[in-house]
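Engineer: File run39.tsv follows (TSV, C-alpha atoms and all ligand atoms):
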chain	number	residue	atom	x	y	z
A	1	MET	CA	-68.83	39.25	-1.83
A	2	LYS	CA	-71.00	41.47	-4.01
A	3	ILE	CA	-72.03	40.00	-7.37
A	4	ILE	CA	-72.68	42.35	-10.27
A	5	GLU	CA	-73.79	41.08	-13.69
A	6	GLY	CA	-73.01	37.51	-12.68
A	7	HIS	CA	-69.43	38.06	-11.49
A	8	ALA	CA	-67.66	39.38	-8.41
A	9	ALA	CA	-67.76	43.18	-8.20
A	10	ILE	CA	-64.18	44.41	-8.37
A	11	ASP	CA	-62.43	47.13	-6.49
A	12	PRO	CA	-59.99	48.28	-9.14
A	13	HIS	CA	-56.51	49.55	-8.33
A	14	PRO	CA	-56.54	53.40	-8.31
A	15	SER	CA	-53.93	53.45	-11.09
A	16	ILE	CA	-56.50	52.04	-13.55
A	17	PRO	CA	-58.42	54.68	-15.55
A	18	VAL	CA	-62.20	54.65	-15.24
A	19	LEU	CA	-64.47	54.71	-18.28
A	20	GLU	CA	-67.98	55.89	-17.46
A	21	LEU	CA	-70.12	54.33	-20.18
A	22	ASP	CA	-72.08	51.18	-20.88
A	23	PRO	CA	-70.33	49.20	-23.63
A	24	PHE	CA	-73.54	47.20	-24.12
A	25	ASP	CA	-75.73	50.25	-24.70
A	26	GLU	CA	-77.69	49.63	-27.91
A	27	GLY	CA	-76.55	52.92	-29.40
A	28	ILE	CA	-72.91	51.96	-28.88
A	29	LEU	CA	-73.50	48.47	-30.25
A	30	ARG	CA	-75.02	49.98	-33.41
A	31	ASP	CA	-72.25	52.53	-33.87
A	32	PRO	CA	-69.25	51.52	-31.73
A	33	PHE	CA	-66.46	53.68	-33.19
A	34	ASP	CA	-66.43	56.49	-30.59
A	35	TYR	CA	-66.54	53.88	-27.83
A	36	TYR	CA	-63.60	52.07	-29.42
A	37	THR	CA	-61.59	55.28	-29.53
A	38	ALA	CA	-62.47	56.12	-25.91
A	39	LEU	CA	-61.54	52.61	-24.74
A	40	ARG	CA	-58.15	52.63	-26.48
A	41	GLU	CA	-57.31	56.19	-25.49
A	42	ALA	CA	-58.25	55.79	-21.81
A	43	GLY	CA	-55.37	53.39	-21.22
A	44	PRO	CA	-54.00	49.88	-21.86
A	45	VAL	CA	-56.53	48.54	-19.32
A	46	VAL	CA	-59.57	50.42	-17.99
A	47	PHE	CA	-62.27	49.91	-15.38
A	48	ILE	CA	-65.90	50.12	-16.52
A	49	PRO	CA	-68.11	50.69	-13.44
A	50	SER	CA	-71.44	50.17	-15.27
A	51	CYS	CA	-70.77	46.41	-15.32
A	52	SER	CA	-67.80	46.25	-12.92
A	53	VAL	CA	-65.32	44.85	-15.42
A	54	LEU	CA	-61.86	45.62	-16.68
A	55	ALA	CA	-61.54	46.10	-20.42
A	56	VAL	CA	-58.70	46.07	-22.93
A	57	GLY	CA	-59.07	47.56	-26.41
A	58	ARG	CA	-55.56	48.12	-27.70
A	59	HIS	CA	-54.20	45.49	-30.05
A	60	GLU	CA	-51.22	44.72	-27.81
A	61	GLU	CA	-53.24	43.98	-24.67
A	62	VAL	CA	-56.10	42.15	-26.40
A	63	ARG	CA	-53.61	39.89	-28.14
A	64	MET	CA	-51.78	39.36	-24.85
A	65	ALA	CA	-54.97	38.45	-22.94
A	66	PHE	CA	-56.01	36.00	-25.66
A	67	SER	CA	-52.53	34.48	-25.81
A	68	ASP	CA	-52.24	33.87	-22.06
A	69	HIS	CA	-54.92	31.24	-21.52
A	70	ARG	CA	-53.34	30.17	-18.23
A	71	ARG	CA	-53.86	33.51	-16.42
A	72	PHE	CA	-56.95	34.58	-18.37
A	73	VAL	CA	-59.19	31.56	-18.47
A	74	SER	CA	-62.23	30.67	-20.56
A	75	SER	CA	-63.66	27.95	-18.29
A	76	ARG	CA	-65.31	30.60	-16.09
A	77	GLY	CA	-67.23	31.83	-19.13
A	78	VAL	CA	-66.35	34.25	-21.92
A	79	GLY	CA	-69.24	36.56	-21.14
A	80	LEU	CA	-70.00	38.51	-17.99
A	81	ASN	CA	-71.21	35.48	-16.03
A	82	ASP	CA	-68.53	33.84	-13.85
A	83	PHE	CA	-69.38	30.13	-14.01
A	84	LYS	CA	-67.63	29.71	-10.65
A	85	LEU	CA	-70.30	31.90	-9.05
A	86	GLU	CA	-73.45	31.55	-11.14
A	87	LYS	CA	-75.08	28.72	-13.02
A	88	PRO	CA	-74.64	29.22	-16.77
A	89	TRP	CA	-77.81	29.54	-18.89
A	90	ARG	CA	-76.91	26.35	-20.76
A	91	GLN	CA	-74.43	23.54	-20.28
A	92	PRO	CA	-71.12	25.30	-21.06
A	93	SER	CA	-69.58	24.85	-24.48
A	94	LEU	CA	-66.86	22.20	-24.24
A	95	ILE	CA	-64.58	24.03	-26.65
A	96	LEU	CA	-65.29	27.74	-26.09
A	97	GLU	CA	-65.87	27.75	-22.35
A	98	SER	CA	-63.07	25.37	-21.31
A	99	ASP	CA	-59.35	25.33	-20.56
A	100	PRO	CA	-56.61	22.75	-21.11
A	101	PRO	CA	-56.49	19.81	-20.69
A	102	VAL	CA	-60.18	19.36	-21.62
A	103	HIS	CA	-59.95	22.04	-24.28
A	104	THR	CA	-56.86	20.51	-25.90
A	105	ARG	CA	-58.52	17.10	-26.16
A	106	VAL	CA	-61.82	18.27	-27.67
A	107	ARG	CA	-60.18	20.87	-29.89
A	108	ALA	CA	-58.20	18.11	-31.62
A	109	VAL	CA	-61.47	16.41	-32.60
A	110	MET	CA	-62.99	19.67	-33.87
A	111	ALA	CA	-59.80	20.69	-35.70
A	112	ARG	CA	-59.86	17.41	-37.61
A	113	ALA	CA	-63.58	17.67	-38.43
A	114	LEU	CA	-63.11	21.27	-39.69
A	115	SER	CA	-59.62	20.99	-41.19
A	116	PRO	CA	-58.35	22.91	-44.22
A	117	LYS	CA	-58.56	19.62	-46.11
A	118	VAL	CA	-62.26	19.26	-45.25
A	119	ALA	CA	-62.81	22.87	-46.37
A	120	LEU	CA	-61.02	22.16	-49.64
A	121	GLY	CA	-63.27	19.15	-50.22
A	122	LEU	CA	-66.35	21.35	-49.87
A	123	ARG	CA	-65.12	24.01	-52.25
A	124	GLU	CA	-66.68	22.65	-55.44
A	125	THR	CA	-70.12	22.21	-53.88
A	126	PHE	CA	-69.93	25.67	-52.38
A	127	ARG	CA	-69.01	27.16	-55.75
A	128	GLU	CA	-71.90	25.45	-57.54
A	129	GLU	CA	-74.39	26.58	-54.90
A	130	ALA	CA	-73.02	30.11	-55.00
A	131	ASP	CA	-73.23	30.30	-58.80
A	132	GLU	CA	-76.86	29.21	-58.67
A	133	LEU	CA	-77.72	31.67	-55.90
A	134	VAL	CA	-76.13	34.61	-57.72
A	135	ASP	CA	-77.85	33.71	-61.02
A	136	ASN	CA	-81.20	33.83	-59.22
A	137	LEU	CA	-80.41	37.10	-57.47
A	138	LEU	CA	-79.36	38.79	-60.69
A	139	GLU	CA	-82.85	38.26	-62.07
A	140	ARG	CA	-84.14	40.40	-59.24
A	141	GLY	CA	-81.49	43.09	-59.13
A	142	ARG	CA	-82.57	44.65	-55.86
A	143	ILE	CA	-81.83	42.51	-52.86
A	144	ASP	CA	-81.34	42.55	-49.14
A	145	ALA	CA	-77.85	41.09	-48.88
A	146	VAL	CA	-78.41	40.02	-45.27
A	147	HIS	CA	-81.50	37.97	-45.96
A	148	ASP	CA	-80.86	36.96	-49.57
A	149	ILE	CA	-77.14	36.16	-49.41
A	150	ALA	CA	-75.59	36.24	-45.92
A	151	GLU	CA	-78.35	34.20	-44.27
A	152	GLN	CA	-79.38	32.25	-47.34
A	153	PHE	CA	-76.02	30.79	-48.35
A	154	PRO	CA	-74.54	29.49	-45.09
A	155	THR	CA	-77.90	28.09	-43.94
A	156	THR	CA	-78.04	26.17	-47.22
A	157	VAL	CA	-74.52	24.78	-47.49
A	158	PHE	CA	-73.33	24.44	-43.89
A	159	PRO	CA	-76.11	22.21	-42.49
A	160	LYS	CA	-75.65	20.05	-45.59
A	161	ALA	CA	-71.90	19.81	-44.93
A	162	VAL	CA	-72.60	18.93	-41.31
A	163	GLY	CA	-75.06	16.24	-42.41
A	164	MET	CA	-78.06	17.80	-40.72
A	165	GLN	CA	-81.35	16.12	-41.63
A	166	ASP	CA	-84.19	18.63	-41.25
A	167	VAL	CA	-82.98	22.20	-41.45
A	168	ASN	CA	-84.74	25.14	-39.81
A	169	ARG	CA	-82.84	28.16	-41.16
A	170	ARG	CA	-84.42	30.64	-38.77
A	171	HIS	CA	-83.56	28.56	-35.70
A	172	LEU	CA	-79.98	28.07	-36.93
A	173	VAL	CA	-79.35	31.80	-37.33
A	174	ASP	CA	-81.17	32.67	-34.12
A	175	TYR	CA	-79.31	30.10	-32.02
A	176	GLY	CA	-75.96	31.81	-32.63
A	177	ALA	CA	-77.45	35.25	-31.95
A	178	ILE	CA	-79.04	34.01	-28.71
A	179	ALA	CA	-75.78	32.44	-27.51
A	180	ALA	CA	-73.94	35.65	-28.40
A	181	ASN	CA	-76.40	37.93	-26.62
A	182	ALA	CA	-76.15	35.68	-23.57
A	183	PHE	CA	-72.46	36.68	-23.18
A	184	GLY	CA	-73.60	40.18	-22.23
A	185	PRO	CA	-74.93	41.77	-19.06
A	186	ASP	CA	-78.52	41.33	-17.89
A	187	ASN	CA	-79.87	43.88	-20.41
A	188	ALA	CA	-82.92	43.79	-22.69
A	189	LEU	CA	-80.91	42.08	-25.46
A	190	ARG	CA	-79.93	39.23	-23.15
A	191	ARG	CA	-83.34	38.91	-21.54
A	192	ASP	CA	-85.12	38.82	-24.91
A	193	ALA	CA	-82.63	36.26	-26.21
A	194	LEU	CA	-83.08	34.00	-23.19
A	195	ALA	CA	-86.86	34.30	-23.44
A	196	ARG	CA	-86.64	32.89	-26.98
A	197	ALA	CA	-84.00	30.32	-26.06
A	198	PRO	CA	-86.09	27.30	-24.90
A	199	GLU	CA	-87.75	26.63	-28.26
A	200	VAL	CA	-84.57	27.12	-30.27
A	201	VAL	CA	-82.37	25.23	-27.81
A	202	SER	CA	-84.62	22.17	-27.72
A	203	TRP	CA	-84.68	22.09	-31.51
A	204	VAL	CA	-80.88	22.40	-31.72
A	205	THR	CA	-80.35	19.78	-28.99
A	206	ALA	CA	-82.46	17.26	-30.87
A	207	ALA	CA	-80.53	18.01	-34.07
A	208	CYS	CA	-77.21	17.17	-32.38
A	209	ALA	CA	-78.03	13.49	-31.79
A	210	ARG	CA	-75.89	10.98	-33.65
A	211	ASP	CA	-78.88	9.44	-35.40
A	212	ARG	CA	-79.90	12.84	-36.83
A	213	LEU	CA	-76.58	13.18	-38.69
A	214	ALA	CA	-75.76	11.78	-42.11
A	215	PRO	CA	-72.65	9.65	-42.66
A	216	GLY	CA	-69.68	11.44	-44.22
A	217	GLY	CA	-70.55	14.85	-42.80
A	218	ILE	CA	-68.78	17.11	-40.33
A	219	GLY	CA	-71.19	16.12	-37.54
A	220	MET	CA	-70.43	12.43	-37.97
A	221	ALA	CA	-66.71	13.24	-38.08
A	222	VAL	CA	-67.12	14.63	-34.56
A	223	TYR	CA	-68.88	11.44	-33.45
A	224	GLU	CA	-65.99	9.46	-34.94
A	225	GLY	CA	-63.90	11.14	-32.22
A	226	ALA	CA	-66.20	9.35	-29.76
A	227	ASP	CA	-65.77	6.04	-31.62
A	228	ALA	CA	-62.01	6.50	-31.34
A	229	GLY	CA	-62.28	7.11	-27.60
A	230	GLU	CA	-61.03	10.73	-27.74
A	231	VAL	CA	-64.29	12.14	-26.39
A	232	SER	CA	-67.36	10.60	-24.77
A	233	GLU	CA	-70.64	10.24	-26.66
A	234	GLU	CA	-72.11	13.09	-24.62
A	235	GLU	CA	-69.08	15.28	-25.30
A	236	ALA	CA	-69.44	14.62	-29.02
A	237	MET	CA	-73.03	15.81	-28.83
A	238	LEU	CA	-71.97	19.05	-27.15
A	239	LEU	CA	-69.29	19.59	-29.78
A	240	VAL	CA	-71.87	19.18	-32.53
A	241	ARG	CA	-73.90	21.81	-30.70
A	242	SER	CA	-70.90	24.14	-31.07
A	243	LEU	CA	-71.01	23.61	-34.85
A	244	PHE	CA	-74.44	25.22	-34.78
A	245	SER	CA	-73.82	27.92	-32.16
A	246	ALA	CA	-70.46	29.02	-33.55
A	247	GLY	CA	-70.72	27.92	-37.18
A	248	VAL	CA	-73.79	29.55	-38.67
A	249	ASP	CA	-74.52	33.04	-37.38
A	250	THR	CA	-70.83	33.99	-37.22
A	251	THR	CA	-70.39	33.11	-40.89
A	252	VAL	CA	-73.66	34.80	-41.80
A	253	THR	CA	-72.41	37.91	-40.03
A	254	GLY	CA	-68.97	37.76	-41.65
A	255	MET	CA	-70.53	37.39	-45.09
A	256	GLY	CA	-72.85	40.34	-44.51
A	257	ASN	CA	-69.97	42.45	-43.23
A	258	VAL	CA	-67.75	41.67	-46.26
A	259	LEU	CA	-70.59	42.69	-48.57
A	260	TRP	CA	-71.07	45.87	-46.53
A	261	CYS	CA	-67.36	46.71	-46.99
A	262	LEU	CA	-67.41	45.98	-50.72
A	263	SER	CA	-70.65	47.84	-51.41
A	264	ARG	CA	-69.19	50.92	-49.65
A	265	ASN	CA	-65.88	50.68	-51.55
A	266	PRO	CA	-66.69	50.40	-55.29
A	267	GLU	CA	-63.02	50.65	-56.30
A	268	ALA	CA	-62.32	47.58	-54.13
A	269	TRP	CA	-65.13	45.74	-55.91
A	270	GLN	CA	-63.58	46.53	-59.30
A	271	ARG	CA	-60.19	45.42	-58.03
A	272	LEU	CA	-61.64	42.11	-56.80
A	273	ARG	CA	-63.30	41.55	-60.17
A	274	ALA	CA	-60.01	42.18	-61.96
A	275	GLU	CA	-57.92	40.18	-59.47
A	276	PRO	CA	-60.01	37.38	-57.94
A	277	ASP	CA	-56.87	36.15	-56.15
A	278	LEU	CA	-57.49	39.02	-53.76
A	279	VAL	CA	-60.53	37.20	-52.39
A	280	ARG	CA	-58.66	35.85	-49.35
A	281	PRO	CA	-57.02	39.16	-48.34
A	282	CYS	CA	-60.41	40.80	-48.95
A	283	ILE	CA	-62.13	38.46	-46.49
A	284	ASP	CA	-59.47	39.09	-43.85
A	285	GLU	CA	-59.63	42.84	-44.31
A	286	ALA	CA	-63.42	42.80	-43.85
A	287	VAL	CA	-63.14	40.54	-40.79
A	288	ARG	CA	-60.57	43.01	-39.44
A	289	ILE	CA	-62.72	46.10	-40.04
A	290	ALA	CA	-65.99	44.57	-38.89
A	291	ALA	CA	-65.13	41.57	-36.71
A	292	PRO	CA	-68.28	39.41	-36.40
A	293	ILE	CA	-67.50	38.79	-32.72
A	294	HIS	CA	-66.67	42.22	-31.35
A	295	THR	CA	-66.11	41.25	-27.73
A	296	PHE	CA	-65.32	38.15	-25.71
A	297	ALA	CA	-64.32	38.20	-22.04
A	298	ARG	CA	-61.77	36.25	-20.06
A	299	THR	CA	-61.58	35.78	-16.27
A	300	ALA	CA	-58.40	36.43	-14.27
A	301	ASN	CA	-57.93	33.10	-12.52
A	302	GLU	CA	-55.31	34.51	-10.14
A	303	GLU	CA	-54.20	37.87	-8.81
A	304	THR	CA	-52.11	39.26	-11.65
A	305	GLU	CA	-51.35	42.38	-13.70
A	306	ILE	CA	-52.04	43.89	-17.10
A	307	ALA	CA	-49.61	46.49	-18.49
A	308	GLY	CA	-48.22	46.95	-14.97
A	309	HIS	CA	-51.64	47.52	-13.34
A	310	PRO	CA	-52.74	45.10	-10.61
A	311	VAL	CA	-55.69	42.86	-11.54
A	312	PRO	CA	-57.63	41.02	-8.82
A	313	GLU	CA	-58.51	37.33	-9.01
A	314	GLY	CA	-61.98	36.83	-10.48
A	315	ALA	CA	-61.93	40.03	-12.53
A	316	LYS	CA	-63.77	39.80	-15.81
A	317	ILE	CA	-61.75	41.33	-18.64
A	318	LEU	CA	-63.65	42.47	-21.71
A	319	CYS	CA	-61.42	41.93	-24.72
A	320	GLY	CA	-62.35	44.29	-27.54
A	321	LEU	CA	-61.55	42.28	-30.65
A	322	GLY	CA	-63.33	44.71	-32.96
A	323	CYS	CA	-61.70	47.60	-31.13
A	324	ALA	CA	-58.16	46.17	-31.33
A	325	ASN	CA	-58.67	45.56	-35.04
A	326	LEU	CA	-59.00	49.34	-35.53
A	327	ASP	CA	-56.12	50.35	-33.24
A	328	PRO	CA	-54.02	53.04	-34.97
A	329	ARG	CA	-51.06	51.77	-32.90
A	330	LYS	CA	-51.21	48.65	-35.05
A	331	TRP	CA	-52.78	49.69	-38.37
A	332	GLU	CA	-52.22	52.57	-40.75
A	333	ASP	CA	-55.54	54.30	-41.55
A	334	PRO	CA	-57.32	51.61	-39.54
A	335	GLU	CA	-60.83	52.56	-40.67
A	336	THR	CA	-59.92	52.45	-44.37
A	337	PHE	CA	-60.90	49.23	-46.15
A	338	ARG	CA	-57.93	48.18	-48.25
A	339	ILE	CA	-58.60	45.04	-50.21
A	340	ASP	CA	-54.88	44.28	-50.54
A	341	ARG	CA	-53.85	45.19	-46.97
A	342	ARG	CA	-53.28	41.55	-45.89
A	343	PRO	CA	-53.90	42.42	-42.24
A	344	GLY	CA	-51.71	39.81	-40.52
A	345	GLY	CA	-52.36	39.67	-36.80
A	346	HIS	CA	-55.96	40.89	-36.91
A	347	LEU	CA	-58.07	39.45	-34.11
A	348	GLY	CA	-61.33	38.89	-36.00
A	349	PHE	CA	-60.88	35.13	-35.63
A	350	GLY	CA	-59.35	35.54	-32.17
A	351	THR	CA	-55.85	34.18	-31.53
A	352	GLY	CA	-54.18	31.64	-29.29
A	353	ILE	CA	-55.55	28.22	-28.37
A	354	HIS	CA	-59.16	29.37	-28.80
A	355	GLY	CA	-58.64	30.92	-32.25
A	356	CYS	CA	-61.59	30.15	-34.55
A	357	VAL	CA	-61.45	26.44	-35.36
A	358	GLY	CA	-64.08	26.75	-38.10
A	359	GLN	CA	-62.40	29.53	-40.02
A	360	HIS	CA	-61.37	27.36	-42.97
A	361	ILE	CA	-64.99	26.43	-43.62
A	362	ALA	CA	-66.17	30.02	-43.06
A	363	ARG	CA	-63.54	31.35	-45.45
A	364	ALA	CA	-64.51	28.74	-48.07
A	365	GLU	CA	-68.18	29.77	-47.83
A	366	ILE	CA	-67.46	33.48	-48.14
A	367	GLU	CA	-64.92	32.91	-50.91
A	368	ALA	CA	-67.46	30.93	-52.95
A	369	VAL	CA	-70.02	33.72	-52.73
A	370	LEU	CA	-67.56	36.52	-53.51
A	371	LEU	CA	-66.11	34.69	-56.52
A	372	ALA	CA	-69.58	33.91	-57.88
A	373	LEU	CA	-70.55	37.56	-57.50
A	374	ALA	CA	-67.27	38.88	-58.91
A	375	ALA	CA	-67.69	36.77	-62.05
A	376	ARG	CA	-71.22	38.03	-62.77
A	377	VAL	CA	-71.83	41.37	-61.11
A	378	ALA	CA	-70.37	44.62	-62.46
A	379	ALA	CA	-71.36	46.67	-59.43
A	380	ILE	CA	-72.92	46.14	-56.01
A	381	GLU	CA	-74.45	49.46	-55.08
A	382	PRO	CA	-76.04	50.57	-51.82
A	383	ASP	CA	-79.81	50.75	-52.31
A	384	GLY	CA	-80.56	52.38	-48.96
A	385	ASP	CA	-78.96	52.54	-45.54
A	386	ALA	CA	-77.34	49.55	-43.90
A	387	VAL	CA	-79.08	48.75	-40.62
A	388	TRP	CA	-77.07	47.20	-37.79
A	389	ARG	CA	-78.60	44.72	-35.36
A	390	PRO	CA	-77.29	45.35	-31.85
A	391	ASN	CA	-75.94	42.24	-30.13
A	392	ASN	CA	-73.92	41.95	-26.92
A	393	ALA	CA	-71.12	40.03	-28.66
A	394	MET	CA	-71.62	40.42	-32.40
A	395	ARG	CA	-71.35	43.20	-34.92
A	396	ALA	CA	-74.07	42.09	-37.29
A	397	LEU	CA	-76.25	43.68	-39.92
A	398	ASP	CA	-80.01	43.50	-39.86
A	399	ASN	CA	-80.46	44.81	-43.41
A	400	LEU	CA	-78.14	45.60	-46.30
A	401	PRO	CA	-80.19	46.75	-49.30
A	402	LEU	CA	-78.14	46.44	-52.49
A	403	ARG	CA	-78.63	46.79	-56.22
A	404	LEU	CA	-76.74	44.22	-58.27
A	405	VAL	CA	-75.70	45.38	-61.73
A	406	PRO	CA	-75.13	42.43	-64.08
A	407	ALA	CA	-71.76	42.27	-65.85
B	501	LIG	C1	-71.41	32.08	-30.34
B	501	LIG	C2	-70.31	31.10	-30.18
B	501	LIG	C3	-69.04	31.40	-30.62
B	501	LIG	C4	-68.02	30.47	-30.47
B	501	LIG	C5	-68.27	29.22	-29.89
B	501	LIG	C6	-69.55	28.92	-29.44
B	501	LIG	C7	-70.57	29.86	-29.58
B	501	LIG	C8	-69.82	27.56	-28.81
B	501	LIG	O1	-70.96	27.33	-28.41
B	501	LIG	O2	-68.92	26.73	-28.74
In structure tokens, write the structure found in this file.

Structural biologist:
Amino acid sequence: MKIIEGHAAIDPHPSIPVLELDPFDEGILRDPFDYYTALREAGPVVFIPSCSVLAVGRHEEVRMAFSDHRRFVSSRGVGLNDFKLEKPWRQPSLILESDPPVHTRVRAVMARALSPKVALGLRETFREEADELVDNLLERGRIDAVHDIAEQFPTTVFPKAVGMQDVNRRHLVDYGAIAANAFGPDNALRRDALARAPEVVSWVTAACARDRLAPGGIGMAVYEGADAGEVSEEEAMLLVRSLFSAGVDTTVTGMGNVLWCLSRNPEAWQRLRAEPDLVRPCIDEAVRIAAPIHTFARTANEETEIAGHPVPEGAKILCGLGCANLDPRKWEDPETFRIDRRPGGHLGFGTGIHGCVGQHIARAEIEAVLLALAARVAAIEPDGDAVWRPNNAMRALDNLPLRLVPA
């Protein structure tokens, strides 16, 4: 068997259209819209020879692949590496890179630790922190929304909510970006990420220990699952690791992307100021248009089919979440940001049994920041070009220079 990019090379059925491009090319990752169109237009499932994978980019097929966790498994990795064939770069995530029954058992612990009720309990604190942050920013006027808001806020409130003792903001943001780049092929992004991994990983690992977590926090709530016998002590530690890999940089990215949408759509900003109840639909619309995780893969665990095309066992299937979210088959004017669209069925938080378990906390964080801004800021104007930061799995900004005009 020939292994390409960590998985078995596939010999696709001749009925499957071929797309000759590298979806992990840095140019495409910076500006993915033509690739998205090409992927959707080529067919319901396509073969990409550059990394020997199948890919789906239409809403229908991406939703289907994510909803059928029995045929399209996560336990063989959700990047290009097939864990059945190659040793993963780290001990696999118990919740992301697992299938039932293990997944069902650990997900219950995480769902409780990150429940809507827990998010509601954090709301007041988040609002106070957000008010203070925005007051400080208004004194400056010109800001970089990535550094000054999107990284600043979650790395302040989330580690506190988790009960983390000594916070290293840089490591927290970088850990998520490293894990995300590691889902890609063996390109410069992945190699650079893995070169930086040891220092960040050893710091994160130490931070996951029970005795590093304060009572009453989300981290200790996960360890309470161990006390109750639902997970082992070691499993609890790995689940706390997922709080840091999946819970910081994703939210940072989502927050940056919402601010990008709003700063490019001044009428939407005015509408949000006039109708703050639109904050939830606004967050969903931004997560639809610029999904923080643009791509996750699944592995066909048996010989099967997609949209009538044969799929061999062991095939990696790239699932274009960001691409499906802009599918004109599903959305009217898909690239138009409509604050009141209420985009039910968007895939920015995934769907199915692996759908984002932390989304209530993420939404609460972003809501707090948007409401604090909406109450105090008359306009958020672009103050230069937005710069995207290519990542094998994330659509994230590097810089978002803005001018805040006080109300
Ligand atoms: C980057 C990322 C996303 C989702 C889950 C995880 C990591 C994890 O480590 O569980």

Engineer: Find the distance between atom CA of A:Gly77 and atom CA of A:Arg298 and write it in Å to one decimal.

Structural biologist: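 So the two atoms, atom CA of A:Gly77 and atom CA of A:Arg298, lie 7.1 Å apart.
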
Engineer: From the options A:Arg341, A:Arg169, A:Arg264, A:His7, which residue's atoms come nearest to A:Leu80, counting only C-alpha atoms?

Structural biologist: A:His7

Engineer: What lies within 8 Å of A:Gly348 using only C-alpha atoms, ignoring chain neighbours under 4 positions off, as a PyMOL selection string?

Structural biologist: chain A and resi 287-288+290-294+321-322+325

Engineer: Which polymer residues, whether protein, DNA or RNA, lie within 12 Å of the coordinate (-72.6, 13.0, -42.2) when you count only C-alpha atoms? List them as a ChimeraX atom specification, using the chain letters and numbers from the file.

Structural biologist: /A:113,158-165,208-224,240

Engineer: Based on the selection just made, write C-alpha atoms of those residues as a short mmCIF file (atom, residue, chain, number, x, y, z; two decimals), in the frame of the given file.

Structural biologist:
data_model
loop_
_atom_site.label_atom_id
_atom_site.label_comp_id
_atom_site.auth_asym_id
_atom_site.auth_seq_id
_atom_site.Cartn_x
_atom_site.Cartn_y
_atom_site.Cartn_z
CA ALA A 113 -63.58 17.67 -38.43
CA PHE A 158 -73.33 24.44 -43.89
CA PRO A 159 -76.11 22.21 -42.49
CA LYS A 160 -75.65 20.05 -45.59
CA ALA A 161 -71.90 19.81 -44.93
CA VAL A 162 -72.60 18.93 -41.31
CA GLY A 163 -75.06 16.24 -42.41
CA MET A 164 -78.06 17.80 -40.72
CA GLN A 165 -81.35 16.12 -41.63
CA CYS A 208 -77.21 17.17 -32.38
CA ALA A 209 -78.03 13.49 -31.79
CA ARG A 210 -75.89 10.98 -33.65
CA ASP A 211 -78.88 9.44 -35.40
CA ARG A 212 -79.90 12.84 -36.83
CA LEU A 213 -76.58 13.18 -38.69
CA ALA A 214 -75.76 11.78 -42.11
CA PRO A 215 -72.65 9.65 -42.66
CA GLY A 216 -69.68 11.44 -44.22
CA GLY A 217 -70.55 14.85 -42.80
CA ILE A 218 -68.78 17.11 -40.33
CA GLY A 219 -71.19 16.12 -37.54
CA MET A 220 -70.43 12.43 -37.97
CA ALA A 221 -66.71 13.24 -38.08
CA VAL A 222 -67.12 14.63 -34.56
CA TYR A 223 -68.88 11.44 -33.45
CA GLU A 224 -65.99 9.46 -34.94
CA VAL A 240 -71.87 19.18 -32.53
#

Engineer: Dump the neighbourhood of ligand LIG 501 (chain B) as number ranges by chain: all residues within 10 Å, distances computed on all atoms listed in the file.

Structural biologist: A: 78, 90-98, 175-183, 238-250, 292-293, 296, 349, 354-358, 393-394

Engineer: Give me the stretch 16-134 of chain A side of the contact with stretch 146-154 of chain A, cut-off 12 Å, one line per residue showing its nearest atom pair and distance in Å at one decimal, counting only C-alpha atoms, sorted by chain and residue number, as JSON lines.

Structural biologist:
{"residue": "A:Thr125", "atom": "CA", "partner": "A:Phe153", "partner_atom": "CA", "distance": 11.8}
{"residue": "A:Phe126", "atom": "CA", "partner": "A:Phe153", "partner_atom": "CA", "distance": 8.9}
{"residue": "A:Arg127", "atom": "CA", "partner": "A:Phe153", "partner_atom": "CA", "distance": 10.8}
{"residue": "A:Glu128", "atom": "CA", "partner": "A:Phe153", "partner_atom": "CA", "distance": 11.4}
{"residue": "A:Glu129", "atom": "CA", "partner": "A:Phe153", "partner_atom": "CA", "distance": 8.0}
{"residue": "A:Ala130", "atom": "CA", "partner": "A:Phe153", "partner_atom": "CA", "distance": 7.3}
{"residue": "A:Asp131", "atom": "CA", "partner": "A:Phe153", "partner_atom": "CA", "distance": 10.8}
{"residue": "A:Glu132", "atom": "CA", "partner": "A:Phe153", "partner_atom": "CA", "distance": 10.5}
{"residue": "A:Leu133", "atom": "CA", "partner": "A:Phe153", "partner_atom": "CA", "distance": 7.8}
{"residue": "A:Val134", "atom": "CA", "partner": "A:Ile149", "partner_atom": "CA", "distance": 8.5}

Engineer: Contacts of A:Ile306 at 8 Å or less, counting all atoms listed in the file, minus same-chain residues fewer than 3 places along, as number ranges by chain?

Structural biologist: A: 44-45, 61, 309-311

Engineer: Need the neighbours of (-63.4, 26.9, -8.3): which residues are at most 12 Å away, counting only C-alpha atoms, as a ChimeraX atom specification?

Structural biologist: /A:73,75-76,82-86,301-302,313-314

Engineer: Which of these, A:Cys282, A:Ala65, A:Ala236, A:Leu404, has the shortest distance to A:Ala378 once you count all atoms listed in the file?

Structural biologist: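 Of all the options, A:Leu404 lies closest to A:Ala378.
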
Engineer: As an exercise, work out the distance from atom CA of A:Ala407 to atom CA of A:Arg273 in Å and give it to one decimal place.

Structural biologist: 10.2 Å

Engineer: Between atom CA of A:Thr304 and atom CA of A:Ala55, what is the distance, to one decimal in Å?

Structural biologist: 14.6 Å

Engineer: Please list as a PyMOL selection string every residue within 9 Å of A:Ala374, counting all atoms listed in the file and excluding residues in the same chain fewer than 5 positions away.

Structural biologist: chain A and resi 269-270+272-274+276+369+379+407

Engineer: From the set A:Asp277, A:Asp174, A:Asp34, A:Glu285, which residue has the shortest atom-to-atom contact distance to A:Leu262, counting only C-alpha atoms?

Structural biologist: A:Glu285
